[in-house]
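**Q** To be precise about what I am sending: the file is called data25.pdb and holds PDB, C-alpha atoms.
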```pdb
ATOM      1  CA  MET A   1     -71.545  12.521 136.532
ATOM      2  CA  SER A   2     -71.964  10.821 133.201
ATOM      3  CA  ASP A   3     -71.861   7.047 133.438
ATOM      4  CA  ARG A   4     -70.802   6.403 129.858
ATOM      5  CA  PRO A   5     -68.145   7.842 127.555
ATOM      6  CA  ALA A   6     -69.221  10.585 125.191
ATOM      7  CA  ARG A   7     -71.123   9.258 122.195
ATOM      8  CA  GLY A   8     -68.942   8.560 119.213
ATOM      9  CA  ARG A   9     -65.695   8.729 121.193
ATOM     10  CA  ARG A  10     -63.546   5.638 121.542
ATOM     11  CA  PRO A  11     -62.724   4.973 125.231
ATOM     12  CA  ASN A  12     -59.070   5.631 125.943
ATOM     13  CA  VAL A  13     -56.528   4.527 128.542
ATOM     14  CA  THR A  14     -57.739   7.152 131.007
ATOM     15  CA  ASP A  15     -61.275   5.756 130.881
ATOM     16  CA  ALA A  16     -59.944   2.264 131.493
ATOM     17  CA  ALA A  17     -57.715   3.468 134.365
ATOM     18  CA  ILE A  18     -60.601   5.320 136.033
ATOM     19  CA  ALA A  19     -62.819   2.265 135.720
ATOM     20  CA  LEU A  20     -60.109   0.056 137.213
ATOM     21  CA  VAL A  21     -59.452   2.435 140.125
ATOM     22  CA  VAL A  22     -63.149   2.749 140.903
ATOM     23  CA  LEU A  23     -63.561  -0.979 140.614
ATOM     24  CA  GLY A  24     -60.593  -1.410 142.938
ATOM     25  CA  LEU A  25     -62.116   0.968 145.486
ATOM     26  CA  GLY A  26     -65.393  -0.924 145.300
ATOM     27  CA  ALA A  27     -63.618  -4.237 145.722
ATOM     28  CA  GLY A  28     -61.683  -2.781 148.676
ATOM     29  CA  TRP A  29     -64.863  -1.713 150.404
ATOM     30  CA  ARG A  30     -66.328  -5.150 149.775
ATOM     31  CA  VAL A  31     -63.292  -6.901 151.280
ATOM     32  CA  GLY A  32     -63.257  -4.458 154.187
ATOM     33  CA  GLY A  33     -66.947  -5.076 154.835
ATOM     34  CA  ALA A  34     -66.450  -8.807 154.780
ATOM     35  CA  VAL A  35     -63.549  -8.530 157.235
ATOM     36  CA  ALA A  36     -65.646  -6.282 159.488
ATOM     37  CA  ARG A  37     -68.533  -8.724 159.451
ATOM     38  CA  ALA A  38     -66.156 -11.524 160.329
ATOM     39  CA  LEU A  39     -64.562  -9.585 163.188
ATOM     40  CA  ARG A  40     -67.746  -8.152 164.680
ATOM     41  CA  PRO A  41     -68.948 -11.336 166.396
ATOM     42  CA  ALA A  42     -65.563 -11.634 168.030
ATOM     43  CA  GLY A  43     -66.049  -8.230 169.631
ATOM     44  CA  MET A  44     -63.034  -6.807 167.864
ATOM     45  CA  LEU A  45     -64.977  -3.981 166.163
ATOM     46  CA  CYS A  46     -66.923  -1.268 167.951
ATOM     47  CA  THR A  47     -69.531  -0.534 165.307
ATOM     48  CA  ASP A  48     -72.244   0.065 167.923
ATOM     49  CA  ARG A  49     -70.709   3.270 169.295
ATOM     50  CA  TRP A  50     -69.924   6.688 167.882
ATOM     51  CA  PRO A  51     -67.724   7.458 165.905
ATOM     52  CA  CYS A  52     -67.275   3.874 164.777
ATOM     53  CA  ARG A  53     -70.961   3.559 164.000
ATOM     54  CA  TRP A  54     -70.956   6.791 161.988
ATOM     55  CA  LEU A  55     -67.867   5.671 160.130
ATOM     56  CA  ALA A  56     -69.397   2.304 159.372
ATOM     57  CA  GLU A  57     -72.660   3.798 158.119
ATOM     58  CA  THR A  58     -70.886   6.397 156.028
ATOM     59  CA  GLY A  59     -68.576   3.776 154.688
ATOM     60  CA  ALA A  60     -71.440   1.465 153.803
ATOM     61  CA  GLY A  61     -73.250   4.219 151.938
ATOM     62  CA  TYR A  62     -70.117   5.248 150.133
ATOM     63  CA  ARG A  63     -69.335   1.649 149.317
ATOM     64  CA  ARG A  64     -72.760   1.152 147.741
ATOM     65  CA  ALA A  65     -72.418   4.331 145.716
ATOM     66  CA  VAL A  66     -68.900   3.544 144.590
ATOM     67  CA  THR A  67     -69.602  -0.052 143.624
ATOM     68  CA  ALA A  68     -72.729   0.974 141.725
ATOM     69  CA  ASP A  69     -70.781   3.703 139.929
ATOM     70  CA  ALA A  70     -67.927   1.334 139.180
ATOM     71  CA  ALA A  71     -70.312  -1.235 137.791
ATOM     72  CA  ARG A  72     -71.959   1.408 135.597
ATOM     73  CA  ARG A  73     -68.610   2.639 134.338
ATOM     74  CA  TYR A  74     -67.375  -0.861 133.677
ATOM     75  CA  ARG A  75     -70.541  -1.832 131.785
ATOM     76  CA  ALA A  76     -70.419   1.388 129.776
ATOM     77  CA  LEU A  77     -66.769   0.771 128.959
ATOM     78  CA  VAL A  78     -67.375  -2.782 127.791
ATOM     79  CA  ARG A  79     -70.473  -1.735 125.874
ATOM     80  CA  ALA A  80     -68.664   1.130 124.136
ATOM     81  CA  VAL A  81     -65.713  -1.027 123.132
ATOM     82  CA  ALA A  82     -67.978  -3.853 121.951
ATOM     83  CA  THR A  83     -70.227  -1.452 120.052
ATOM     84  CA  ASP A  84     -67.275   0.217 118.335
ATOM     85  CA  ALA A  85     -65.787  -3.125 117.366
ATOM     86  CA  ALA A  86     -69.131  -4.402 116.085
ATOM     87  CA  ARG A  87     -69.742  -1.186 114.160
ATOM     88  CA  GLU A  88     -66.322  -1.319 112.521
ATOM     89  CA  ALA A  89     -66.720  -4.999 111.657
ATOM     90  CA  THR A  90     -70.193  -4.437 110.199
ATOM     91  CA  ALA A  91     -69.078  -1.412 108.202
ATOM     92  CA  SER A  92     -66.087  -3.311 106.857
ATOM     93  CA  MET A  93     -68.225  -6.310 105.894
ATOM     94  CA  LEU A  94     -70.834  -4.112 104.216
ATOM     95  CA  THR A  95     -68.176  -2.187 102.316
ATOM     96  CA  GLU A  96     -66.541  -5.368 101.058
ATOM     97  CA  THR A  97     -69.910  -6.826 100.044
ATOM     98  CA  GLN A  98     -70.888  -3.619  98.290
ATOM     99  CA  GLN A  99     -67.591  -3.418  96.427
ATOM    100  CA  GLY A 100     -68.030  -7.045  95.375
ATOM    101  CA  VAL A 101     -71.556  -6.455  94.091
ATOM    102  CA  ARG A 102     -70.456  -3.345  92.196
ATOM    103  CA  ALA A 103     -67.513  -5.143  90.619
ATOM    104  CA  GLN A 104     -69.712  -8.051  89.523
ATOM    105  CA  ALA A 105     -72.273  -5.641  88.078
ATOM    106  CA  VAL A 106     -69.623  -3.741  86.108
ATOM    107  CA  ARG A 107     -68.274  -7.045  84.786
ATOM    108  CA  ALA A 108     -71.785  -8.067  83.739
ATOM    109  CA  ASP A 109     -72.292  -4.659  82.085
ATOM    110  CA  ARG A 110     -69.185  -5.189  79.984
ATOM    111  CA  THR A 111     -70.234  -8.731  79.091
ATOM    112  CA  VAL A 112     -73.667  -7.587  77.933
ATOM    113  CA  SER A 113     -72.140  -4.743  75.925
ATOM    114  CA  HIS A 114     -69.742  -7.185  74.310
ATOM    115  CA  TRP A 115     -72.594  -9.572  73.403
ATOM    116  CA  VAL A 116     -74.634  -6.746  71.910
ATOM    117  CA  ASP A 117     -71.667  -5.338  70.011
ATOM    118  CA  THR A 118     -70.972  -8.788  68.607
ATOM    119  CA  ALA A 119     -74.600  -9.410  67.711
ATOM    120  CA  LEU A 120     -74.908  -6.036  65.988
ATOM    121  CA  ARG A 121     -71.464  -6.437  64.409
ATOM    122  CA  ARG A 122     -70.600  -3.093  65.951
ATOM    123  CA  ASP A 123     -66.947  -2.052  66.250
ATOM    124  CA  ASP A 124     -65.784  -1.675  69.809
ATOM    125  CA  HIS A 125     -64.806   1.941  69.157
TER     126      HIS A 125
ATOM    127  CA  MET B   1     -63.634   3.401  73.790
ATOM    128  CA  THR B   2     -62.909   6.746  75.448
ATOM    129  CA  THR B   3     -62.776   7.311  79.173
ATOM    130  CA  THR B   4     -66.006   9.256  79.065
ATOM    131  CA  GLU B   5     -67.949   6.481  77.351
ATOM    132  CA  ASP B   6     -66.376   3.828  79.547
ATOM    133  CA  SER B   7     -67.736   5.616  82.627
ATOM    134  CA  GLN B   8     -71.349   5.187  81.433
ATOM    135  CA  ALA B   9     -73.149   2.596  83.551
ATOM    136  CA  GLY B  10     -74.421  -0.543  81.831
ATOM    137  CA  VAL B  11     -77.783  -2.228  81.822
ATOM    138  CA  VAL B  12     -77.050  -4.737  84.585
ATOM    139  CA  SER B  13     -75.933  -2.161  87.144
ATOM    140  CA  ARG B  14     -78.831   0.113  86.316
ATOM    141  CA  THR B  15     -81.381  -2.694  86.432
ATOM    142  CA  LEU B  16     -80.102  -3.818  89.832
ATOM    143  CA  ALA B  17     -80.271  -0.233  91.093
ATOM    144  CA  ALA B  18     -83.817   0.065  89.742
ATOM    145  CA  LEU B  19     -84.823  -3.150  91.522
ATOM    146  CA  ILE B  20     -83.442  -1.814  94.801
ATOM    147  CA  ASP B  21     -85.369   1.430  94.265
ATOM    148  CA  ALA B  22     -88.491  -0.643  93.636
ATOM    149  CA  GLY B  23     -87.881  -2.235  97.029
ATOM    150  CA  VAL B  24     -87.546   1.224  98.577
ATOM    151  CA  LEU B  25     -90.843   2.218  96.958
ATOM    152  CA  PHE B  26     -92.472  -0.926  98.352
ATOM    153  CA  VAL B  27     -91.233  -0.089 101.862
ATOM    154  CA  LEU B  28     -92.416   3.531 101.563
ATOM    155  CA  LEU B  29     -95.856   2.432 100.390
ATOM    156  CA  GLY B  30     -96.034  -0.171 103.164
ATOM    157  CA  ALA B  31     -95.145   2.464 105.760
ATOM    158  CA  GLY B  32     -97.773   4.789 104.332
ATOM    159  CA  TYR B  33    -100.363   2.030 104.435
ATOM    160  CA  LEU B  34     -99.513   1.244 108.061
ATOM    161  CA  GLY B  35     -99.891   4.937 108.868
ATOM    162  CA  LEU B  36    -103.287   4.955 107.183
ATOM    163  CA  VAL B  37    -104.266   1.865 109.179
ATOM    164  CA  GLY B  38    -103.219   3.592 112.399
ATOM    165  CA  VAL B  39    -105.188   6.738 111.635
ATOM    166  CA  THR B  40    -108.256   4.716 110.631
ATOM    167  CA  PHE B  41    -108.063   2.678 113.804
ATOM    168  CA  ALA B  42    -107.607   5.750 115.993
ATOM    169  CA  ALA B  43    -110.565   7.478 114.343
ATOM    170  CA  ASP B  44    -113.016   4.587 114.780
ATOM    171  CA  PRO B  45    -111.661   1.653 116.818
ATOM    172  CA  LEU B  46    -114.981  -0.220 117.022
ATOM    173  CA  GLY B  47    -115.788  -0.084 113.314
ATOM    174  CA  PHE B  48    -112.179  -0.659 112.238
ATOM    175  CA  ARG B  49    -111.474  -2.642 109.090
ATOM    176  CA  PHE B  50    -108.305  -2.724 107.073
ATOM    177  CA  PRO B  51    -108.644  -0.099 104.331
ATOM    178  CA  THR B  52    -108.727  -1.447 100.760
ATOM    179  CA  PRO B  53    -107.993   1.473  98.446
ATOM    180  CA  PRO B  54    -108.864   0.989  94.746
ATOM    181  CA  ARG B  55    -106.056  -0.063  92.444
ATOM    182  CA  ALA B  56    -106.205   3.234  90.591
ATOM    183  CA  VAL B  57    -105.607   5.101  93.841
ATOM    184  CA  THR B  58    -102.786   2.756  94.865
ATOM    185  CA  GLY B  59    -101.148   3.079  91.454
ATOM    186  CA  SER B  60    -101.433   6.846  91.440
ATOM    187  CA  VAL B  61     -99.971   7.122  94.923
ATOM    188  CA  ALA B  62     -97.152   4.770  93.921
ATOM    189  CA  VAL B  63     -96.306   6.906  90.884
ATOM    190  CA  VAL B  64     -96.387  10.126  92.924
ATOM    191  CA  VAL B  65     -94.200   8.650  95.664
ATOM    192  CA  LEU B  66     -91.744   7.157  93.151
ATOM    193  CA  VAL B  67     -91.464  10.385  91.156
ATOM    194  CA  GLY B  68     -90.948  12.418  94.329
ATOM    195  CA  TYR B  69     -88.366   9.999  95.691
ATOM    196  CA  LEU B  70     -86.367   9.774  92.466
ATOM    197  CA  ALA B  71     -86.536  13.489  91.625
ATOM    198  CA  GLU B  72     -85.478  14.477  95.136
ATOM    199  CA  SER B  73     -82.611  11.981  95.083
ATOM    200  CA  TRP B  74     -81.368  13.034  91.658
ATOM    201  CA  THR B  75     -81.502  16.786  92.282
ATOM    202  CA  THR B  76     -79.751  16.643  95.652
ATOM    203  CA  SER B  77     -77.023  14.053  95.200
ATOM    204  CA  GLY B  78     -77.628  12.627  91.757
ATOM    205  CA  ARG B  79     -78.215   9.180  93.181
ATOM    206  CA  SER B  80     -81.109   7.270  94.663
ATOM    207  CA  TYR B  81     -80.543   4.572  97.271
ATOM    208  CA  GLY B  82     -80.259   1.877  94.607
ATOM    209  CA  ALA B  83     -77.757   3.972  92.668
ATOM    210  CA  ARG B  84     -75.812   4.574  95.862
ATOM    211  CA  VAL B  85     -75.542   0.844  96.515
ATOM    212  CA  LEU B  86     -74.404   0.136  92.968
ATOM    213  CA  GLY B  87     -72.123   3.189  92.814
ATOM    214  CA  LEU B  88     -74.008   5.054  90.073
ATOM    215  CA  ARG B  89     -74.893   8.700  89.599
ATOM    216  CA  VAL B  90     -77.306  10.522  87.289
ATOM    217  CA  VAL B  91     -75.699  13.552  85.644
ATOM    218  CA  ASP B  92     -76.670  16.107  83.042
ATOM    219  CA  ARG B  93     -74.613  17.089  80.011
ATOM    220  CA  HIS B  94     -72.183  19.023  82.210
ATOM    221  CA  GLY B  95     -71.634  16.227  84.704
ATOM    222  CA  HIS B  96     -73.743  17.841  87.435
ATOM    223  CA  PRO B  97     -76.880  16.451  89.104
ATOM    224  CA  PRO B  98     -79.931  17.330  86.982
ATOM    225  CA  ARG B  99     -82.060  20.328  87.911
ATOM    226  CA  LEU B 100     -85.501  19.869  89.410
ATOM    227  CA  GLY B 101     -87.512  20.145  86.167
ATOM    228  CA  ARG B 102     -85.320  17.688  84.300
ATOM    229  CA  ALA B 103     -85.234  15.340  87.284
ATOM    230  CA  LEU B 104     -89.031  15.418  87.609
ATOM    231  CA  ALA B 105     -89.484  14.707  83.908
ATOM    232  CA  ARG B 106     -86.953  11.867  84.042
ATOM    233  CA  ALA B 107     -88.557  10.367  87.135
ATOM    234  CA  PHE B 108     -91.987  10.597  85.548
ATOM    235  CA  LEU B 109     -90.755   8.865  82.393
ATOM    236  CA  CYS B 110     -89.022   6.187  84.452
ATOM    237  CA  ALA B 111     -92.202   5.536  86.431
ATOM    238  CA  LEU B 112     -94.488   5.379  83.398
ATOM    239  CA  PHE B 113     -92.118   3.690  80.942
ATOM    240  CA  PRO B 114     -89.612   1.602  82.904
ATOM    241  CA  VAL B 115     -88.954  -0.590  79.857
ATOM    242  CA  GLY B 116     -87.051   2.356  78.405
ATOM    243  CA  LEU B 117     -84.174   1.281  80.622
ATOM    244  CA  LEU B 118     -83.552  -1.736  78.393
ATOM    245  CA  TRP B 119     -82.371   0.557  75.582
ATOM    246  CA  VAL B 120     -79.152   0.889  77.593
ATOM    247  CA  ALA B 121     -78.168  -2.591  76.440
ATOM    248  CA  VAL B 122     -78.490  -1.642  72.774
ATOM    249  CA  SER B 123     -77.304   1.950  72.897
ATOM    250  CA  ALA B 124     -73.666   2.461  71.973
ATOM    251  CA  ARG B 125     -73.402   5.200  74.623
ATOM    252  CA  ARG B 126     -75.370   3.176  77.172
ATOM    253  CA  ARG B 127     -78.284   5.547  77.319
ATOM    254  CA  SER B 128     -81.873   4.720  78.146
ATOM    255  CA  VAL B 129     -84.850   6.193  76.332
ATOM    256  CA  GLN B 130     -85.236   8.670  79.180
ATOM    257  CA  ASP B 131     -81.583   9.690  78.873
ATOM    258  CA  LEU B 132     -81.922  10.216  75.117
ATOM    259  CA  LEU B 133     -85.011  12.382  75.555
ATOM    260  CA  LEU B 134     -83.659  14.502  78.414
ATOM    261  CA  GLY B 135     -79.927  14.610  77.736
ATOM    262  CA  THR B 136     -78.928  12.869  80.926
ATOM    263  CA  SER B 137     -76.667   9.917  81.541
ATOM    264  CA  VAL B 138     -75.812   7.531  84.340
ATOM    265  CA  VAL B 139     -72.150   7.126  85.230
ATOM    266  CA  TYR B 140     -70.192   4.899  87.552
ATOM    267  CA  ASP B 141     -69.283   6.771  90.710
ATOM    268  CA  TRP B 142     -67.764   4.699  93.489
ATOM    269  CA  GLY B 143     -66.644   7.634  95.542
ATOM    270  CA  THR B 144     -65.189  10.736  94.012
ATOM    271  CA  PRO B 145     -67.584  12.748  91.843
ATOM    272  CA  VAL B 146     -67.339  11.869  88.153
ATOM    273  CA  ARG B 147     -67.220  14.937  85.919
ATOM    274  CA  PRO B 148     -66.625  13.584  82.408
ATOM    275  CA  ARG B 149     -66.534  16.940  80.677
ATOM    276  CA  VAL B 150     -64.038  18.380  83.150
ATOM    277  CA  ASP B 151     -61.824  15.309  82.675
ATOM    278  CA  VAL B 152     -61.910  15.748  78.914
ATOM    279  CA  VAL B 153     -61.082  19.449  79.224
ATOM    280  CA  ASP B 154     -58.223  18.695  81.638
ATOM    281  CA  GLN B 155     -56.765  16.113  79.309
ATOM    282  CA  ALA B 156     -57.066  18.464  76.351
ATOM    283  CA  THR B 157     -55.281  21.239  78.187
TER     284      THR B 157
END
```
Represent the structure of the file as structure tokens.

**A**
Amino acid sequence: MSDRPARGRRPNVTDAAIALVVLGLGAGWRVGGAVARALRPAGMLCTDRWPCRWLAETGAGYRRAVTADAARRYRALVRAVATDAAREATASMLTETQQGVRAQAVRADRTVSHWVDTALRRDDH
Amino acid sequence: MTTTEDSQAGVVSRTLAALIDAGVLFVLLGAGYLGLVGVTFAADPLGFRFPTPPRAVTGSVAVVVLVGYLAESWTTSGRSYGARVLGLRVVDRHGHPPRLGRALARAFLCALFPVGLLWVAVSARRRSVQDLLLGTSVVYDWGTPVRPRVDVVDQAT
């Protein structure tokens, strides 16, 4: 399973929803684990015997996998959004700067031509 | 002034583009020198010293690299990196990018006689010495291709 959106594609609502669901699952497992740890000393949870033990071990493994995957997805989502925003901002800034430089250069071209035409007493066509 | 003549790039734009291309040449030569340093070091690490090529060799390499860079740029897109930044394009009499022979000759003249660019300021049609000799011109092109002759034909028809 890929842990980041396809290159060049802007993350959409589905990506965000998947990340939120997976994050929610991970958070649920974390809360459940904390509750289990709190209840175990009180003898209210039978994690030492089958099938409770199997369930607990499977759950712990799944929890680790899910939280790691959720974290990867979340980081990839944030990174993709931030990268896209930064790329768009940089491109916009560069374009504006370039247009400004070009406009100034064209203005200077016309000024020089005007000076030369005046100096040479040349008609401006 | 007609539309065609007004589209000819002036001396300031072209000088700025040439300065940017000089920077590109400097970077290319620097990269080549670093490559040479790496090869020299890999060949004999113990006896390594930074290579100091003679000025004639450096100058010749610079001319070859500059001519190759400019000719390749002009034949493919009509614009080098400097021209791209300033929104300029080199075109032949028909408004197309120059062919390889003409581009090579123009690049060679530009490398050996860069002062010829200053004639743009005096020329009524904003042409450099190289443009006058080879029948090329440099036009403003901020996006859409500029085809002066086609424009004139369209207006006439």

**Q** Only residues of chain A matter here; which ones have an atom within 12 Å of chain B, counting all atoms listed in the file? Give them as a count of residues only.

**A** 32

**Q** Quick one: pull the distance between atom CA of Tyr81 of chain B and atom CA of Pro54 of chain B, Å, one decimal.

**A** 28.7 Å

**Q** Which residue gives the smallest distance to Thr136 of chain B among B:Ala103, B:Leu70, B:Val91, B:Val37, with only C-alpha atoms counted?

**A**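 Ranking B:Ala103, B:Leu70, B:Val91, B:Val37 by distance to Thr136 of chain B, first place goes to B:Val91.
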
**Q** Please list as a PyMOL selection string every residue within 7 Å of segment 23-36 of chain A, counting only C-alpha atoms and excluding residues in the same chain fewer than 4 positions away.

**A** chain A and resi 19+40+63+66-67+70

**Q** Would you mind reading off the distance between atom CA of Val13 of chain A and atom CA of Ala82 of chain A, one decimal, in Å?

**A** 15.6 Å

**Q** Take atom CA of Leu112 of chain B and atom CA of Leu36 of chain B and report the distance between them in Å, one decimal.

**A**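 These two atoms are separated by 25.4 Å.
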
**Q** Using the chain letters and numbers from the file, give me the residues hit by the PyMOL selection byres ((chain B and resi 65-69) around 10), as a PyMOL selection string.

**A** chain B and resi 21-22+24-26+28-29+59-64+70-74+80-81+103-112

**Q** What lies within 6 Å of Thr75 of chain B using all atoms listed in the file, ignoring chain neighbours under 4 positions off, as an mmCIF file with C-alpha atoms, keeping the file's coordinate frame?

**A**
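Saved result, part06.cif, follows:
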```cif
data_model
loop_
_atom_site.group_PDB
_atom_site.id
_atom_site.type_symbol
_atom_site.label_atom_id
_atom_site.label_comp_id
_atom_site.auth_asym_id
_atom_site.auth_seq_id
_atom_site.Cartn_x
_atom_site.Cartn_y
_atom_site.Cartn_z
ATOM 1 C CA PRO B 97 -76.880 16.451 89.104
ATOM 2 C CA PRO B 98 -79.931 17.330 86.982
ATOM 3 C CA ARG B 99 -82.060 20.328 87.911
ATOM 4 C CA LEU B 100 -85.501 19.869 89.410
#
```

**Q** Using only C-alpha atoms, which of the listed residues (B:Leu19, B:Val27, B:Leu117, B:Leu34) sits closest to Val129 of chain B?

**A** B:Leu117

**Q** With distances taken over all atoms listed in the file, which of A:Val21, A:Arg87, A:Ser92, A:Arg37 is nearest to Asp69 of chain A?

**A**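 Looking only at the distances to Asp69 of chain A, the closest residue turns out to be A:Val21.
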